[in-house]
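Some notes on the structure that comes next.
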Amino acid sequence: MQFTYRGLKATMDRHIVTEEEIDRQLQRLQQQTPRIAPVKDRPTQLGDEVVLDYAGFCDGEQFAGGTAEKQTLVLGSGAFIPGFEEQLVDKIPGEKVTVKVTFPKEYHAPNLAGKDAEFRCVIHEIRIRSTYELDDVFAQEVGKCQTLEEMRRELGKSLQNYADQRGEMDLQDRLLRQAAETLDFTPTDAQIEAELDNQMQNLSAQLARQGLDLKMYCSFLGTTEEALRSDTRNDALAAVKMQAAIEQIVALENLEPTQEELGQAAALVARQNNLTIEQLKPYYDAEFEQALIRSILTSKVMRLIRDAADVAVV
């Protein structure tokens, strides 16, 4: 079979965002974004959100982990030690309050479990959280638009752009897979195992960001790590083939990254990790640069295949 990566045929189903989807997104924003209003004319009461500093002392000594500044706390939420929040009721901003509590006997810090303690607190601000109405005020304060109708239009554009980007990414992935299937290439077991290792490591990293690990994940799915790895084998095989196709196209088309593209890719990595270019420099070694080059060349290949394809948009 001849390696083919130009003139591929595919269909792209373009999802058109509906009014119902815009409504659901507005409702999600309404639920996720409470309206916070300052309270100026009364002392604190249960249900208020307060902004406070506190320092914890036990046996006359300040203890580690018991100090915070500009901490937010909803009085009555039960987020702090029993008895703490109730002692902050009927207080005013600027008032210094000494809260006296007893740590639970089963407290996670053994050096504090069952002991009496006091927290020296200063309340800076009292606020009330409420739910926005879906009106122009919501549009102005949350959507940065003048009217709710304007916010709906802008939200619709944003959702449509996102849907189009997802559709385009899916299309390019399918085209690359098509091209890879025409490449005369059989991965070795070692290549497949290496890709499996890589995919399992990526999965572990994703789970870790959610406070999970592979063992817990497999338990939820009712499977084992060995079975999960086996189920992932076809994906690993496809990934190795696709990478081989990319490398072949790079060689055939003499593709190279420019210095400008390398700079843009590094700047993107910095932004994604909330770093400046200067802060990124210590990590910019040969391995990092190779990763940037692979990313740039992959994007070039996928764009080349996409531009040369015969795509019917539905």
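Going through the structure tokens in order, the chains are called A, B, and so on, while each chain numbers its residues from 1 and the ligands are numbered from 1 in the order shown.
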**OP:** For Thr18 (chain A), please output as a PyMOL selection string all residues within 10 Å (counting only C-alpha atoms; exclusion window: fewer than 3 positions along the same chain).
**Re:** chain A and resi 15+21-23+156+159-160
Skip Glu168 (chain A) itself and residues of its chain fewer than 6 positions away, then list as a JSON list (two decimals) with C-alpha atoms, in the first residue's frame all residues within 10 Å of it, counting only C-alpha atoms.
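After the write, result-v3.json holds the following:
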[["chain", "number", "residue", "atom", "x", "y", "z"],
["A", 12, "MET", "CA", -16.75, 16.73, 9.61],
["A", 13, "ASP", "CA", -20.01, 16.92, 11.51],
["A", 14, "ARG", "CA", -20.26, 20.56, 12.63],
["A", 162, "TYR", "CA", -15.22, 25.76, 21.33],
["A", 174, "ARG", "CA", -8.99, 11.04, 12.14],
["A", 306, "ARG", "CA", -5.94, 18.87, 6.81]]
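Closest approach to Leu73 (chain A) from the set A:Leu29, A:Leu262, A:Ala117, A:Ile126 is made by A:Ile126, with distances taken over only C-alpha atoms.
Every protein or nucleic acid residue with an atom no more than 6 Å from region 46-49 of chain A, counting only C-alpha atoms and leaving out same-chain residues fewer than 6 positions away, appears here: Leu73, Val74, Leu75, Gly76, Ile126, Arg127 and Ile128 of chain A.
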Please save C-alpha atoms of the selected residues as a PDB file, in the first residue's frame.
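See out.pdb below for the written result:
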ATOM      1  CA  LEU A  73     -15.307  31.658  56.301  1.00  0.00           C
ATOM      2  CA  VAL A  74     -19.087  31.228  56.149  1.00  0.00           C
ATOM      3  CA  LEU A  75     -20.362  31.374  59.718  1.00  0.00           C
ATOM      4  CA  GLY A  76     -22.383  28.286  60.533  1.00  0.00           C
ATOM      5  CA  ILE A 126     -18.623  40.954  56.400  1.00  0.00           C
ATOM      6  CA  ARG A 127     -20.220  39.773  53.171  1.00  0.00           C
ATOM      7  CA  ILE A 128     -23.450  38.124  52.064  1.00  0.00           C
TER       8      ILE A 128
END
**OP:** Would you please work out which residue, of A:His124, A:Glu20, A:Leu207, A:Ala236, is nearest to Gln191 (chain A) when using only C-alpha atoms?
**Re:** A:Ala236
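Between Gly114 (chain A) and the candidates A:Arg35, A:Pro93, A:Cys58, A:Thr298, the tightest atom-to-atom separation, counting only C-alpha atoms, involves A:Cys58.
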**OP:** Taking the DSSP assignment computed from this structure's backbone, write out as a VMD selection string all residues of region 120-153 of chain A that belong to strand (DSSP E or B).
**Re:** chain A and resid 120 to 130
Serialized selection, N, CA and C atoms, as a tab-separated table (two decimals), in the first residue's frame:
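Wrote it out as part-v4.tsv, contents follow:
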chain	number	residue	atom	x	y	z
A	120	ARG	N	-6.73	34.04	68.19
A	120	ARG	CA	-6.85	35.50	68.23
A	120	ARG	C	-7.19	35.97	66.82
A	121	CYS	N	-8.40	36.51	66.70
A	121	CYS	CA	-8.96	36.80	65.38
A	121	CYS	C	-9.21	38.30	65.20
A	122	VAL	N	-9.12	38.73	63.95
A	122	VAL	CA	-9.53	40.07	63.56
A	122	VAL	C	-10.41	39.94	62.32
A	123	ILE	N	-11.64	40.43	62.40
A	123	ILE	CA	-12.55	40.39	61.26
A	123	ILE	C	-12.33	41.64	60.42
A	124	HIS	N	-12.10	41.46	59.14
A	124	HIS	CA	-11.86	42.59	58.24
A	124	HIS	C	-13.12	43.00	57.48
A	125	GLU	N	-13.94	42.01	57.14
A	125	GLU	CA	-15.07	42.31	56.26
A	125	GLU	C	-16.20	41.32	56.49
A	126	ILE	N	-17.43	41.81	56.36
A	126	ILE	CA	-18.62	40.95	56.40
A	126	ILE	C	-19.26	41.01	55.01
A	127	ARG	N	-19.62	39.82	54.50
A	127	ARG	CA	-20.22	39.77	53.17
A	127	ARG	C	-21.40	38.81	53.17
A	128	ILE	N	-22.31	39.02	52.25
A	128	ILE	CA	-23.45	38.12	52.06
A	128	ILE	C	-23.35	37.51	50.67
A	129	ARG	N	-23.48	36.19	50.61
A	129	ARG	CA	-23.54	35.50	49.33
A	129	ARG	C	-24.99	35.24	48.97
A	130	SER	N	-25.35	35.54	47.72
A	130	SER	CA	-26.70	35.26	47.25
A	130	SER	C	-26.62	34.81	45.79
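The smallest atom-to-atom distance between Met302 (chain A) and any of A:Lys144, A:Lys91, A:Arg152, A:Arg177, using only C-alpha atoms, is found for A:Arg177.
Shortest atom-to-atom contact with Met242 (chain A) among A:Tyr5, A:Tyr54, A:Tyr284, A:Tyr107: A:Tyr5, counting only C-alpha atoms.
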Original post:
To one decimal place, how far is CA of Glu247 (chain A) from CA of Ala10 (chain A) in Å?
Top reply: 22.3 Å
**OP:** Using only C-alpha atoms, determine which residues lie at most 12 Å from Gln248 (chain A), disregarding the query and same-chain residues fewer than 3 positions distant; provide the list as a list in words.
**Re:** Phe3, Thr4, Tyr5, Ala179, Ala180, Thr182, Leu183, Asp184, Phe185, Lys241, Met242, Gln243, Ala244, Ala245, Ala251, Leu252, Glu253, Asn254, Leu255, Leu297, Thr298 and Val301 of chain A
**OP:** Rank nothing, just name the residue among A:Gln27, A:Asp197, A:Val311, A:Leu221 nearest to Asp135 (chain A), using only C-alpha atoms.
**Re:** A:Gln27
Original post:
Per DSSP on the backbone, what are the helix (DSSP H, G or I) residues of region 184-298 of chain A, as a VMD selection string?
Top reply: chain A and resid 189 to 209 214 to 221 225 to 231 233 to 253 259 to 272 277 to 283 286 to 298
Original post:
Near Met151 (chain A), within 12 Å and counting only C-alpha atoms, which residues show up once chain neighbours fewer than 6 positions away are dropped, as a PyMOL selection string?
Top reply: chain A and resi 22-23+25-26+29+134-145+157-158
